[in-house]
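Quick look at upload33.cif (mmCIF, C-alpha atoms and all ligand atoms):
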data_run
#
loop_
_atom_site.label_atom_id
_atom_site.label_comp_id
_atom_site.auth_asym_id
_atom_site.auth_seq_id
_atom_site.Cartn_x
_atom_site.Cartn_y
_atom_site.Cartn_z
CA MET A 30 -44.02 -46.95 -25.71
CA LYS A 31 -44.94 -50.23 -27.34
CA THR A 32 -42.18 -51.65 -29.48
CA SER A 33 -40.93 -55.13 -30.13
CA PHE A 34 -37.51 -56.38 -31.10
CA PHE A 35 -36.24 -58.94 -33.56
CA LYS A 36 -32.71 -58.98 -32.10
CA LYS A 37 -33.07 -57.20 -28.80
CA GLU A 38 -29.49 -57.72 -27.64
CA ALA A 39 -28.02 -56.23 -30.81
CA GLU A 40 -30.59 -53.42 -31.04
CA THR A 41 -30.15 -52.28 -27.45
CA ALA A 42 -26.43 -52.99 -26.98
CA SER A 43 -24.56 -50.36 -24.96
CA LEU A 44 -23.13 -47.42 -26.89
CA ASP A 45 -19.60 -48.50 -25.95
CA SER A 46 -20.05 -52.04 -27.13
CA ILE A 47 -21.44 -50.83 -30.47
CA ARG A 48 -18.40 -48.55 -30.92
CA ASN A 49 -15.99 -51.37 -30.07
CA LEU A 50 -17.74 -53.74 -32.43
CA GLN A 51 -17.70 -51.18 -35.22
CA LEU A 52 -13.98 -50.53 -34.85
CA GLU A 53 -13.16 -54.23 -34.91
CA LYS A 54 -15.31 -54.76 -38.00
CA LEU A 55 -13.96 -51.68 -39.71
CA LYS A 56 -10.40 -53.01 -39.37
CA GLN A 57 -11.47 -56.44 -40.61
CA ILE A 58 -13.48 -55.24 -43.59
CA THR A 59 -10.75 -52.95 -44.92
CA LYS A 60 -8.23 -55.80 -44.78
CA TYR A 61 -10.78 -58.12 -46.36
CA VAL A 62 -11.62 -55.99 -49.41
CA TYR A 63 -7.94 -55.11 -49.92
CA SER A 64 -6.81 -58.71 -49.92
CA SER A 65 -9.68 -60.21 -51.88
CA ASN A 66 -10.37 -57.77 -54.73
CA ALA A 67 -7.92 -56.29 -57.22
CA ALA A 68 -10.03 -53.20 -57.97
CA TYR A 69 -10.29 -52.37 -54.26
CA LYS A 70 -6.53 -52.93 -53.83
CA LYS A 71 -5.86 -50.56 -56.71
CA LEU A 72 -8.16 -47.95 -55.17
CA PHE A 73 -6.41 -48.16 -51.79
CA ASP A 74 -2.96 -48.15 -53.40
CA SER A 75 -3.82 -45.06 -55.46
CA LYS A 76 -4.46 -43.26 -52.17
CA GLY A 77 -1.31 -44.72 -50.65
CA VAL A 78 -3.18 -46.40 -47.82
CA ASN A 79 -2.56 -49.82 -46.42
CA PRO A 80 -5.38 -51.37 -44.34
CA GLU A 81 -2.86 -52.11 -41.57
CA GLU A 82 -2.89 -48.34 -40.91
CA ILE A 83 -6.60 -48.36 -39.99
CA ASN A 84 -6.63 -48.61 -36.20
CA THR A 85 -8.91 -45.82 -34.96
CA PHE A 86 -12.10 -44.17 -36.20
CA ASP A 87 -10.07 -41.11 -37.23
CA ASP A 88 -8.04 -43.32 -39.56
CA ILE A 89 -11.14 -43.79 -41.70
CA GLU A 90 -10.30 -40.47 -43.36
CA LYS A 91 -7.29 -42.16 -44.94
CA LEU A 92 -9.55 -44.53 -46.86
CA PRO A 93 -10.62 -43.75 -50.42
CA PHE A 94 -14.19 -42.71 -51.19
CA THR A 95 -16.40 -44.71 -53.51
CA ASN A 96 -19.52 -43.52 -55.30
CA LYS A 97 -21.95 -44.54 -58.03
CA GLU A 98 -19.24 -43.92 -60.60
CA THR A 99 -16.96 -46.46 -58.89
CA PHE A 100 -19.76 -49.00 -59.23
CA ARG A 101 -20.50 -48.13 -62.83
CA GLU A 102 -16.84 -48.43 -63.80
CA SER A 103 -16.84 -51.83 -62.15
CA TYR A 104 -19.84 -53.16 -64.08
CA PRO A 105 -20.93 -55.90 -63.84
CA ILE A 106 -19.22 -57.02 -60.59
CA LYS A 107 -15.55 -56.11 -60.69
CA LEU A 108 -15.71 -55.10 -57.01
CA CYS A 109 -16.98 -58.51 -55.96
CA CYS A 110 -14.83 -59.98 -53.19
CA VAL A 111 -15.85 -63.64 -53.48
CA ASP A 112 -15.66 -66.30 -56.15
CA THR A 113 -18.76 -65.89 -58.33
CA ARG A 114 -19.73 -69.52 -57.66
CA GLN A 115 -20.48 -68.43 -54.10
CA LEU A 116 -23.13 -65.94 -55.27
CA ALA A 117 -26.79 -66.60 -54.58
CA GLU A 118 -28.65 -63.51 -55.89
CA MET A 119 -28.16 -60.10 -57.44
CA HIS A 120 -30.07 -56.84 -57.61
CA MET A 121 -29.55 -53.83 -59.76
CA SER A 122 -30.61 -50.22 -59.94
CA SER A 123 -30.59 -48.52 -63.27
CA GLY A 124 -30.98 -44.90 -62.17
CA SER A 125 -31.89 -42.32 -64.75
CA THR A 126 -28.61 -42.39 -66.68
CA GLY A 127 -25.64 -44.59 -67.44
CA THR A 128 -24.57 -48.10 -66.64
CA PRO A 129 -26.50 -49.86 -63.92
CA VAL A 130 -25.25 -50.48 -60.39
CA VAL A 131 -25.15 -54.17 -59.50
CA MET A 132 -25.10 -55.69 -56.02
CA PRO A 133 -24.23 -59.40 -55.74
CA TYR A 134 -25.17 -61.41 -52.61
CA THR A 135 -23.88 -64.58 -51.00
CA LEU A 136 -26.26 -66.56 -48.80
CA ALA A 137 -24.68 -64.85 -45.80
CA ASP A 138 -25.48 -61.46 -47.36
CA ILE A 139 -29.10 -62.44 -47.86
CA ALA A 140 -29.24 -63.48 -44.19
CA GLN A 141 -27.70 -60.12 -43.20
CA TRP A 142 -30.28 -58.28 -45.32
CA ALA A 143 -33.11 -60.36 -43.86
CA ASP A 144 -31.85 -59.56 -40.35
CA CYS A 145 -31.92 -55.79 -40.98
CA MET A 146 -35.33 -55.96 -42.61
CA ALA A 147 -36.83 -58.24 -39.92
CA ARG A 148 -35.71 -55.74 -37.28
CA CYS A 149 -37.67 -53.08 -39.18
CA TYR A 150 -40.85 -55.18 -39.25
CA TYR A 151 -40.68 -55.81 -35.51
CA MET A 152 -39.79 -52.20 -34.81
CA ALA A 153 -42.97 -51.14 -36.63
CA GLY A 154 -45.06 -53.47 -34.44
CA ALA A 155 -45.28 -56.68 -36.46
CA GLU A 156 -45.73 -59.95 -34.58
CA LYS A 157 -45.07 -63.49 -35.74
CA GLY A 158 -47.89 -64.68 -38.03
CA ASP A 159 -49.10 -61.19 -39.03
CA THR A 160 -49.94 -60.62 -42.69
CA VAL A 161 -47.58 -58.39 -44.62
CA GLN A 162 -48.42 -57.24 -48.14
CA ILE A 163 -45.35 -56.52 -50.24
CA THR A 164 -46.14 -54.11 -53.07
CA PRO A 165 -42.73 -53.15 -54.52
CA SER A 166 -41.86 -55.14 -57.64
CA PHE A 167 -40.08 -58.48 -57.38
CA GLY A 168 -37.17 -58.36 -59.77
CA LEU A 169 -33.99 -56.41 -60.22
CA PHE A 170 -35.26 -53.64 -57.92
CA ASN A 171 -34.30 -54.67 -54.39
CA GLY A 172 -37.59 -53.56 -52.78
CA GLY A 173 -39.77 -56.65 -53.27
CA PHE A 174 -37.19 -59.32 -52.51
CA GLY A 175 -35.68 -57.47 -49.54
CA MET A 176 -39.05 -57.13 -47.89
CA TYR A 177 -39.66 -60.79 -48.69
CA HIS A 178 -36.38 -62.10 -47.20
CA GLY A 179 -36.99 -60.02 -44.08
CA ALA A 180 -40.59 -61.18 -43.71
CA ARG A 181 -39.44 -64.80 -43.97
CA ALA A 182 -36.92 -64.23 -41.20
CA ALA A 183 -39.53 -62.43 -39.11
CA GLY A 184 -42.04 -65.28 -39.43
CA LEU A 185 -44.73 -63.22 -41.15
CA PHE A 186 -47.45 -64.40 -43.54
CA ILE A 187 -46.44 -62.93 -46.89
CA VAL A 188 -48.84 -61.67 -49.56
CA PRO A 189 -46.33 -60.96 -52.35
CA THR A 190 -48.49 -58.85 -54.63
CA GLY A 191 -45.65 -56.90 -56.29
CA ALA A 192 -46.43 -53.65 -58.06
CA GLY A 193 -49.63 -52.48 -59.73
CA ASN A 194 -53.30 -53.48 -60.01
CA THR A 195 -54.43 -51.39 -57.07
CA GLN A 196 -58.00 -52.75 -57.01
CA ARG A 197 -56.65 -56.27 -56.62
CA GLN A 198 -54.20 -55.08 -53.94
CA ILE A 199 -57.16 -53.76 -51.96
CA LYS A 200 -59.19 -56.94 -52.40
CA LEU A 201 -56.25 -59.12 -51.29
CA ALA A 202 -55.58 -56.87 -48.31
CA GLN A 203 -59.20 -57.33 -47.25
CA ASP A 204 -59.33 -61.08 -47.91
CA PHE A 205 -56.00 -61.89 -46.23
CA LYS A 206 -56.32 -59.33 -43.43
CA THR A 207 -53.17 -57.40 -44.25
CA LYS A 208 -51.81 -55.75 -41.11
CA ILE A 209 -48.59 -54.33 -42.57
CA LEU A 210 -48.52 -52.70 -45.97
CA THR A 211 -45.13 -52.06 -47.58
CA GLY A 212 -44.20 -50.09 -50.65
CA VAL A 213 -42.61 -47.07 -52.25
CA VAL A 214 -44.11 -43.88 -50.84
CA SER A 215 -46.03 -42.97 -53.98
CA TYR A 216 -47.69 -46.38 -54.05
CA GLY A 217 -48.95 -45.92 -50.51
CA ILE A 218 -50.52 -42.71 -51.77
CA ARG A 219 -52.05 -44.49 -54.75
CA ILE A 220 -53.69 -47.11 -52.56
CA MET A 221 -55.05 -44.36 -50.32
CA GLU A 222 -56.56 -42.53 -53.31
CA VAL A 223 -58.18 -45.61 -54.81
CA LEU A 224 -59.65 -46.53 -51.43
CA ALA A 225 -61.08 -43.04 -51.07
CA GLU A 226 -62.70 -43.23 -54.51
CA SER A 227 -64.24 -46.65 -53.93
CA LYS A 228 -65.12 -45.89 -50.29
CA ASP A 229 -63.60 -49.28 -49.42
CA LYS A 230 -61.96 -49.93 -46.06
CA LEU A 231 -58.96 -51.93 -44.88
CA PRO A 232 -60.04 -52.65 -41.30
CA ASP A 233 -57.08 -54.89 -40.39
CA LEU A 234 -54.39 -52.56 -41.63
CA LYS A 235 -52.30 -51.06 -38.80
CA TYR A 236 -48.86 -50.22 -40.15
CA GLY A 237 -47.45 -48.83 -43.37
CA ILE A 238 -43.75 -49.22 -44.16
CA PHE A 239 -42.84 -46.90 -47.01
CA GLY A 240 -39.61 -45.59 -48.50
CA ALA A 241 -37.44 -45.34 -51.61
CA GLU A 242 -38.60 -41.76 -52.12
CA ILE A 243 -38.65 -38.55 -50.13
CA PHE A 244 -41.23 -38.94 -47.37
CA THR A 245 -42.12 -35.54 -45.94
CA GLU A 246 -43.79 -35.12 -42.58
CA SER A 247 -46.92 -33.72 -44.23
CA MET A 248 -47.17 -36.64 -46.66
CA LYS A 249 -46.74 -39.02 -43.73
CA LYS A 250 -49.64 -37.33 -41.91
CA LYS A 251 -51.79 -37.44 -45.02
CA ILE A 252 -51.29 -41.19 -45.51
CA GLU A 253 -51.74 -41.83 -41.79
CA SER A 254 -55.09 -40.10 -41.66
CA GLY A 255 -56.18 -41.39 -45.09
CA LEU A 256 -55.49 -45.03 -44.25
CA GLY A 257 -55.97 -44.79 -40.49
CA ILE A 258 -52.55 -46.32 -39.80
CA GLU A 259 -49.11 -45.53 -38.37
CA THR A 260 -46.42 -45.10 -41.02
CA PHE A 261 -42.68 -45.73 -40.98
CA ASP A 262 -39.95 -44.33 -43.19
CA ILE A 263 -37.66 -47.14 -44.35
CA TYR A 264 -34.25 -46.48 -45.86
CA GLY A 265 -31.76 -48.49 -47.86
CA MET A 266 -30.17 -48.67 -51.29
CA THR A 267 -28.80 -51.13 -53.81
CA GLU A 268 -25.19 -50.38 -52.85
CA THR A 269 -25.62 -51.13 -49.14
CA GLY A 270 -27.56 -54.30 -49.88
CA GLY A 271 -31.10 -53.01 -50.31
CA VAL A 272 -34.23 -51.88 -48.50
CA GLY A 273 -34.04 -51.85 -44.71
CA THR A 274 -30.27 -52.27 -44.51
CA LEU A 275 -29.92 -48.67 -43.32
CA GLY A 276 -32.86 -48.83 -40.93
CA MET A 277 -36.17 -47.10 -40.27
CA ASP A 278 -37.82 -44.80 -37.74
CA CYS A 279 -39.17 -46.44 -34.58
CA PRO A 280 -42.52 -45.78 -32.85
CA ALA A 281 -40.96 -42.68 -31.21
CA HIS A 282 -40.72 -41.23 -34.75
CA ASN A 283 -37.72 -39.13 -33.91
CA GLY A 284 -35.22 -40.16 -36.55
CA ILE A 285 -34.23 -43.22 -38.54
CA HIS A 286 -32.23 -45.79 -36.54
CA VAL A 287 -29.31 -46.93 -38.70
CA TRP A 288 -28.22 -50.52 -37.94
CA GLU A 289 -24.79 -49.65 -36.66
CA ASP A 290 -23.60 -53.19 -36.03
CA HIS A 291 -23.80 -53.61 -39.81
CA TYR A 292 -22.98 -50.11 -41.11
CA TYR A 293 -20.70 -47.23 -40.17
CA ILE A 294 -22.04 -43.84 -41.20
CA GLU A 295 -20.40 -40.49 -41.74
CA VAL A 296 -22.14 -37.20 -42.56
CA LEU A 297 -19.79 -35.21 -44.76
CA ASP A 298 -19.59 -31.78 -46.28
CA LYS A 299 -20.32 -32.35 -49.95
CA LEU A 300 -17.47 -30.14 -51.16
CA THR A 301 -14.67 -30.73 -48.66
CA GLY A 302 -15.47 -34.36 -47.84
CA LYS A 303 -14.87 -33.54 -44.14
CA PRO A 304 -17.34 -34.47 -41.37
CA VAL A 305 -19.94 -31.84 -40.50
CA LYS A 306 -21.03 -31.17 -36.90
CA ASP A 307 -23.73 -33.42 -35.46
CA GLY A 308 -27.06 -31.81 -36.33
CA ASP A 309 -25.79 -30.21 -39.54
CA PHE A 310 -26.88 -31.49 -42.91
CA GLY A 311 -24.39 -33.31 -45.09
CA GLU A 312 -23.93 -36.23 -47.44
CA LEU A 313 -24.44 -39.65 -45.89
CA THR A 314 -21.42 -41.80 -46.47
CA ILE A 315 -21.60 -45.49 -45.66
CA THR A 316 -19.16 -48.28 -44.95
CA SER A 317 -20.71 -51.73 -44.77
CA LEU A 318 -19.12 -53.71 -41.95
CA THR A 319 -20.57 -57.17 -42.42
CA ARG A 320 -21.23 -57.80 -46.10
CA GLN A 321 -19.36 -60.57 -47.88
CA ALA A 322 -19.78 -60.36 -51.65
CA LEU A 323 -19.47 -56.60 -52.04
CA PRO A 324 -18.96 -54.45 -48.97
CA VAL A 325 -18.88 -50.72 -49.70
CA ILE A 326 -16.12 -48.53 -48.32
CA ARG A 327 -16.95 -44.85 -47.65
CA PHE A 328 -19.71 -44.91 -50.24
CA ARG A 329 -20.90 -41.35 -50.97
CA THR A 330 -24.64 -41.95 -51.20
CA GLY A 331 -25.56 -38.52 -52.55
CA ASP A 332 -28.36 -38.47 -49.93
CA LEU A 333 -28.72 -35.52 -47.59
CA SER A 334 -29.44 -36.02 -43.93
CA ARG A 335 -28.18 -35.08 -40.48
CA ILE A 336 -27.50 -36.81 -37.19
CA VAL A 337 -30.49 -36.38 -34.89
CA SER A 338 -29.07 -38.17 -31.86
CA ARG A 339 -26.37 -40.60 -30.79
CA GLU A 340 -28.08 -41.19 -27.44
CA LYS A 341 -30.31 -44.08 -26.43
CA CYS A 342 -33.83 -43.61 -27.80
CA SER A 343 -37.03 -43.78 -25.75
CA CYS A 344 -37.83 -47.01 -27.65
CA GLY A 345 -34.80 -48.61 -26.00
CA ARG A 346 -32.69 -48.82 -29.14
CA THR A 347 -29.17 -47.47 -28.97
CA HIS A 348 -28.40 -47.22 -32.67
CA ILE A 349 -27.73 -43.75 -34.05
CA ARG A 350 -30.64 -41.71 -35.41
CA ILE A 351 -30.56 -39.66 -38.60
CA SER A 352 -33.20 -37.34 -40.02
CA PRO A 353 -35.40 -38.45 -42.92
CA ILE A 354 -33.57 -38.01 -46.22
CA THR A 355 -34.23 -34.44 -47.32
CA GLY A 356 -33.01 -34.82 -50.88
CA ARG A 357 -29.99 -35.61 -53.01
CA VAL A 358 -26.88 -33.45 -52.89
CA ASP A 359 -27.36 -32.76 -56.58
CA ASP A 360 -31.13 -32.19 -56.27
CA MET A 361 -30.97 -28.55 -55.40
CA LEU A 362 -32.97 -26.44 -57.82
CA ILE A 363 -32.09 -22.83 -58.46
CA VAL A 364 -34.66 -20.41 -59.81
CA LYS A 365 -34.04 -16.69 -60.04
CA GLY A 366 -31.20 -16.97 -57.56
CA VAL A 367 -33.28 -18.81 -54.96
CA ASN A 368 -32.17 -22.33 -53.97
CA PHE A 369 -34.75 -24.91 -53.00
CA PHE A 370 -35.26 -28.64 -52.79
CA PRO A 371 -38.22 -30.64 -54.16
CA ARG A 372 -39.02 -31.66 -50.60
CA GLN A 373 -39.86 -28.05 -49.68
CA VAL A 374 -42.35 -27.84 -52.53
CA GLU A 375 -44.04 -31.02 -51.33
CA GLN A 376 -44.11 -29.83 -47.74
CA ALA A 377 -45.77 -26.56 -48.79
CA LEU A 378 -48.28 -28.10 -51.18
CA MET A 379 -49.49 -30.71 -48.71
CA GLN A 380 -50.53 -27.97 -46.30
CA ILE A 381 -53.14 -26.58 -48.67
CA PRO A 382 -56.57 -28.03 -47.85
CA GLY A 383 -58.05 -29.88 -50.83
CA VAL A 384 -54.69 -30.54 -52.50
CA GLY A 385 -54.12 -34.15 -53.61
CA SER A 386 -50.91 -36.12 -53.32
CA ASN A 387 -49.59 -36.01 -56.85
CA TYR A 388 -47.56 -33.11 -58.19
CA GLN A 389 -44.87 -32.19 -60.71
CA ILE A 390 -42.11 -29.62 -60.60
CA ILE A 391 -41.49 -28.49 -64.16
CA MET A 392 -38.22 -26.67 -64.69
CA GLU A 393 -38.34 -24.73 -67.93
CA GLU A 394 -36.03 -22.32 -69.65
CA ILE A 395 -37.87 -19.29 -71.00
CA ASP A 396 -35.77 -16.87 -73.07
CA GLY A 397 -32.63 -18.22 -71.42
CA VAL A 398 -34.00 -17.76 -67.89
CA GLN A 399 -34.72 -20.72 -65.63
CA ASP A 400 -38.33 -20.76 -64.50
CA VAL A 401 -40.44 -23.23 -62.60
CA ARG A 402 -44.05 -24.34 -62.86
CA ILE A 403 -45.85 -26.49 -60.30
CA ASN A 404 -48.58 -28.81 -61.50
CA VAL A 405 -50.65 -30.24 -58.70
CA GLU A 406 -53.79 -32.33 -58.35
CA ALA A 407 -56.49 -30.80 -56.17
CA ASP A 408 -60.26 -30.57 -55.77
CA SER A 409 -62.19 -27.84 -57.56
CA LYS A 410 -62.03 -25.40 -54.62
CA VAL A 411 -58.26 -24.97 -54.97
CA THR A 412 -57.14 -22.39 -57.50
CA GLY A 413 -53.79 -21.74 -59.17
CA TYR A 414 -53.71 -18.45 -57.29
CA THR A 415 -53.82 -20.21 -53.88
CA VAL A 416 -51.02 -22.55 -54.90
CA GLU A 417 -48.89 -19.64 -56.13
CA LYS A 418 -49.52 -17.67 -52.96
CA VAL A 419 -48.56 -20.52 -50.61
CA LEU A 420 -45.44 -21.31 -52.61
CA LYS A 421 -44.41 -17.67 -52.63
CA GLU A 422 -44.76 -17.52 -48.86
CA THR A 423 -42.70 -20.65 -48.29
CA LEU A 424 -40.13 -20.59 -51.08
CA GLY A 425 -39.59 -16.86 -51.41
CA PHE A 426 -40.35 -16.57 -55.12
CA SER A 427 -43.41 -17.10 -57.30
CA PRO A 428 -43.57 -20.26 -59.37
CA LYS A 429 -46.61 -20.58 -61.62
CA GLY A 430 -49.16 -23.00 -60.20
CA ASP A 431 -51.49 -25.12 -62.33
CA VAL A 432 -54.24 -27.17 -60.75
CA PHE A 433 -55.39 -30.51 -62.20
CA PRO A 434 -58.32 -32.69 -61.10
CA ILE A 435 -57.44 -35.62 -58.83
CA GLY A 436 -56.09 -38.36 -61.11
CA GLY A 437 -55.31 -35.79 -63.82
CA LEU A 438 -51.53 -36.08 -63.73
CA PRO A 439 -49.64 -39.13 -65.06
CA ARG A 440 -48.28 -41.70 -62.56
CA GLN A 441 -45.35 -44.05 -62.86
CA GLU A 442 -45.03 -47.58 -61.60
CA GLY A 443 -42.18 -47.73 -59.07
CA LYS A 444 -40.54 -44.54 -57.88
CA ALA A 445 -42.38 -41.34 -58.75
CA GLN A 446 -40.58 -38.76 -60.83
CA ARG A 447 -41.28 -35.31 -59.43
CA VAL A 448 -38.89 -33.00 -61.28
CA PHE A 449 -39.10 -32.62 -65.05
CA TYR A 450 -36.85 -30.51 -67.26
CA LYS A 451 -38.38 -28.87 -70.32
CA LYS A 452 -36.43 -26.90 -72.90
O1 LIG B 1 -34.94 -47.54 -53.18
C1 LIG B 1 -34.39 -49.29 -51.61
C2 LIG B 1 -35.74 -49.17 -51.01
C3 LIG B 1 -36.81 -49.89 -51.53
C4 LIG B 1 -35.94 -48.38 -49.89
C5 LIG B 1 -38.07 -49.82 -50.96
C6 LIG B 1 -37.19 -48.28 -49.30
C7 LIG B 1 -38.27 -49.00 -49.85
P1 LIG B 1 -32.44 -47.91 -54.78
O2 LIG B 1 -33.37 -48.15 -55.90
O3 LIG B 1 -31.02 -48.34 -54.94
O4 LIG B 1 -32.95 -48.66 -53.48
O5 LIG B 1 -32.50 -46.37 -54.44
C8 LIG B 1 -31.77 -45.86 -53.36
O6 LIG B 1 -33.44 -44.15 -53.02
O7 LIG B 1 -30.02 -43.43 -52.28
C9 LIG B 1 -32.26 -42.55 -51.78
O8 LIG B 1 -31.92 -41.50 -52.65
C10 LIG B 1 -33.64 -43.08 -52.13
N1 LIG B 1 -34.30 -43.58 -50.91
C11 LIG B 1 -34.36 -44.83 -50.43
N2 LIG B 1 -35.08 -44.85 -49.28
C12 LIG B 1 -35.47 -43.57 -49.02
C13 LIG B 1 -36.22 -42.93 -48.00
C14 LIG B 1 -34.14 -48.41 -52.82
N3 LIG B 1 -36.75 -43.61 -46.98
C15 LIG B 1 -32.04 -44.38 -53.23
N4 LIG B 1 -36.38 -41.59 -48.08
C16 LIG B 1 -31.36 -43.76 -52.02
C17 LIG B 1 -35.86 -40.87 -49.10
C18 LIG B 1 -34.96 -42.75 -50.07
N5 LIG B 1 -35.16 -41.42 -50.10
#
The structure given in the file should be rewritten as structure tokens.
Amino acid sequence: MKTSFFKKEAETASLDSIRNLQLEKLKQITKYVYSSNAAYKKLFDSKGVNPEEINTFDDIEKLPFTNKETFRESYPIKLCCVDTRQLAEMHMSSGSTGTPVVMPYTLADIAQWADCMARCYYMAGAEKGDTVQITPSFGLFNGGFGMYHGARAAGLFIVPTGAGNTQRQIKLAQDFKTKILTGVVSYGIRIMEVLAESKDKLPDLKYGIFGAEIFTESMKKKIESGLGIETFDIYGMTETGGVGTLGMDCPAHNGIHVWEDHYYIEVLDKLTGKPVKDGDFGELTITSLTRQALPVIRFRTGDLSRIVSREKCSCGRTHIRISPITGRVDDMLIVKGVNFFPRQVEQALMQIPGVGSNYQIIMEEIDGVQDVRINVEADSKVTGYTVEKVLKETLGFSPKGDVFPIGGLPRQEGKAQRVFYKK
């Protein structure tokens, strides 16, 4: 299998040496946050744990959890472990509710971010001098700048288009021979649709790096055949330091490699907070091992995934593999006693020939009973009846299905909203 490496030694290190490195860093980082930040010290003290007690991987269970709430209570940067005059950049995610989550960076943190992201570019197949087009917005959202820092480190030629103006994106991709296209998943879809309408081509495009949203296997296939490229599912979040920090799938496409020399992951039962068996789904919980300004300790991401393999991959990388994110722990929808996740709806819809890529899941309460309606774009051959039938077969109950012409449903810039609540 063809794959290239940005940091081959680190990416293919022996399993034992990765474990040893992680344990050393885990001990260091717990001592570091405890001694350099009052809010972290308080958190540890409230659980009666002293970092000196962290000597084995099992000891990690003694450490307190953190979550989005911990960040929000610490707004703007009460968890910051360095003097603010050492900061070089910040990013922020606002989420749908409440106070934003802020991540401050030192120059060393930006270099760490760039390292993770550059590994992803090379893993996808990028080579020095290739053109990368960066379509996430450049601003508080970490997507644009993270892909930029990584592309600088990787020695790529950057076309920093940012979000929007799809016609111009296509023109620039043609004129500057874009080989790697990056973006949020729904923007990859948008570009594909506009290309199809205009019958334009992107002959130099080979790789698509997409993330920030659920990326189902069927959506991946659709984009791959629509754009004639290979796609990669990139993962990361504000709290861990942004896009790419948590890795991406490799050309073997059998799980997302998490950069374990930088992050320690646990997959936990949402309710008990105890580890689940390898292969079982649970909540990804992350400890950053090498960040300076704001390392996270046992951060409950709210994202659902499972460990696919801890063994060396056929691409040569030794870093653990997790499944694509299947949803958020709090994403589960319940209708008439049946539980389902938005991802299952997408997976089912994308299998219907003629269905487009844009859809909405409308949760509505009718006479006190929770009901669900699926709006989906499709060509004129697809009927509401077909949609209802397929969804009944896959989900086990019958949501109403409404079909809209391609382009008939609203689109958002940035991450797509799929689930809507209507009273
Ligand atoms: O979305 C970082 C990012 C930007 C990743 C561009 C990939 C591409 P946040 O805005 O903080 O950061 O949102 C993080 O988005 O907890 C997941 O719920 C979701 N998410 C991120 N990547 C994926 C993915 C960026 N590959 C939150 N698949 C995370 C599914 C993803 N969900």
Open item on the list: To one decimal place in Å, what is the distance between atom CA of A:Ile218 and atom CA of A:Pro439?
Closed with: 13.8 Å
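Proximity ranking of A:Lys97, A:Lys303, A:Arg327, A:Arg357 relative to ligand LIG 1 (chain B) places A:Arg357 first, based on only C-alpha atoms and all ligand atoms.
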Task: Surrounding residues as a PyMOL selection string, ligand LIG 1 (chain B), max 9 Å, all atoms listed in the file - done: chain A and resi 120-124+130+165+170-173+175-176+211-214+238-245+261-277+285+330-333+353-357+444
Task: Option closest in space to A:Leu256, from A:Ala68, A:Ile187, A:Val287, A:Leu224 [counting only C-alpha atoms] - done: A:Leu224
Can you tell me which residues surround A:Lys157 at a distance of at most 6 Å, considering only C-alpha atoms, apart from same-chain residues fewer than 2 positions away, and format the answer as a PDB file with C-alpha atoms, in the coordinates of the input?
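As written to disk, selection.pdb reads:
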ATOM      1  CA  ASP A 159     -49.100 -61.190 -39.030  1.00  0.00           C
ATOM      2  CA  GLY A 184     -42.040 -65.280 -39.430  1.00  0.00           C
ATOM      3  CA  LEU A 185     -44.730 -63.220 -41.150  1.00  0.00           C
TER       4      LEU A 185
END
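Atom pair atom CA of A:Asp396 / atom CA of A:Phe426: separated by 18.5 Å.
With only C-alpha atoms as the atoms that count, the minimum distance from A:Glu40 to the choices A:Asp298, A:Glu253, A:Asp144, A:Glu222 is reached by A:Asp144.
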Task: Test item: residues at most 9 Å from A:Phe186, all atoms listed in the file, excluding those fewer than 4 positions along its chain, as an MDAnalysis selection string - done: chainID A and resid 157:162 180:181
Go ahead and dump the residues you just picked, C-alpha atoms, as a compact mmCIF listing (two decimals), in the frame of the given file.
# COMPACT_ATOMS: atom_id res chain seq x y z
CA LYS A 157 -45.07 -63.49 -35.74
CA GLY A 158 -47.89 -64.68 -38.03
CA ASP A 159 -49.10 -61.19 -39.03
CA THR A 160 -49.94 -60.62 -42.69
CA VAL A 161 -47.58 -58.39 -44.62
CA GLN A 162 -48.42 -57.24 -48.14
CA ALA A 180 -40.59 -61.18 -43.71
CA ARG A 181 -39.44 -64.80 -43.97
Task: Contacts of A:Ile252 within 10 Å, all atoms listed in the file, excl. fewer than 4 positions in-chain, as a list in words - done: Val214, Gly217, Ile218, Arg219, Ile220, Met221, Glu222, Gly237, Ser247, Met248, Leu256, Gly257, Ile258, Glu259, Thr260 and Ser386 of chain A
Task: Point (-52.7, -51.0, -56.5), cut-off 8 Å, counting only C-alpha atoms, residues as a PyMOL selection string - done: chain A and resi 192-199+216+219-220+223
Okay, now the selection with C-alpha atoms, as an mmCIF file, in the coordinates of the input?
data_model
loop_
_atom_site.group_PDB
_atom_site.id
_atom_site.type_symbol
_atom_site.label_atom_id
_atom_site.label_comp_id
_atom_site.auth_asym_id
_atom_site.auth_seq_id
_atom_site.Cartn_x
_atom_site.Cartn_y
_atom_site.Cartn_z
ATOM 1 C CA ALA A 192 -46.430 -53.650 -58.060
ATOM 2 C CA GLY A 193 -49.630 -52.480 -59.730
ATOM 3 C CA ASN A 194 -53.300 -53.480 -60.010
ATOM 4 C CA THR A 195 -54.430 -51.390 -57.070
ATOM 5 C CA GLN A 196 -58.000 -52.750 -57.010
ATOM 6 C CA ARG A 197 -56.650 -56.270 -56.620
ATOM 7 C CA GLN A 198 -54.200 -55.080 -53.940
ATOM 8 C CA ILE A 199 -57.160 -53.760 -51.960
ATOM 9 C CA TYR A 216 -47.690 -46.380 -54.050
ATOM 10 C CA ARG A 219 -52.050 -44.490 -54.750
ATOM 11 C CA ILE A 220 -53.690 -47.110 -52.560
ATOM 12 C CA VAL A 223 -58.180 -45.610 -54.810
#
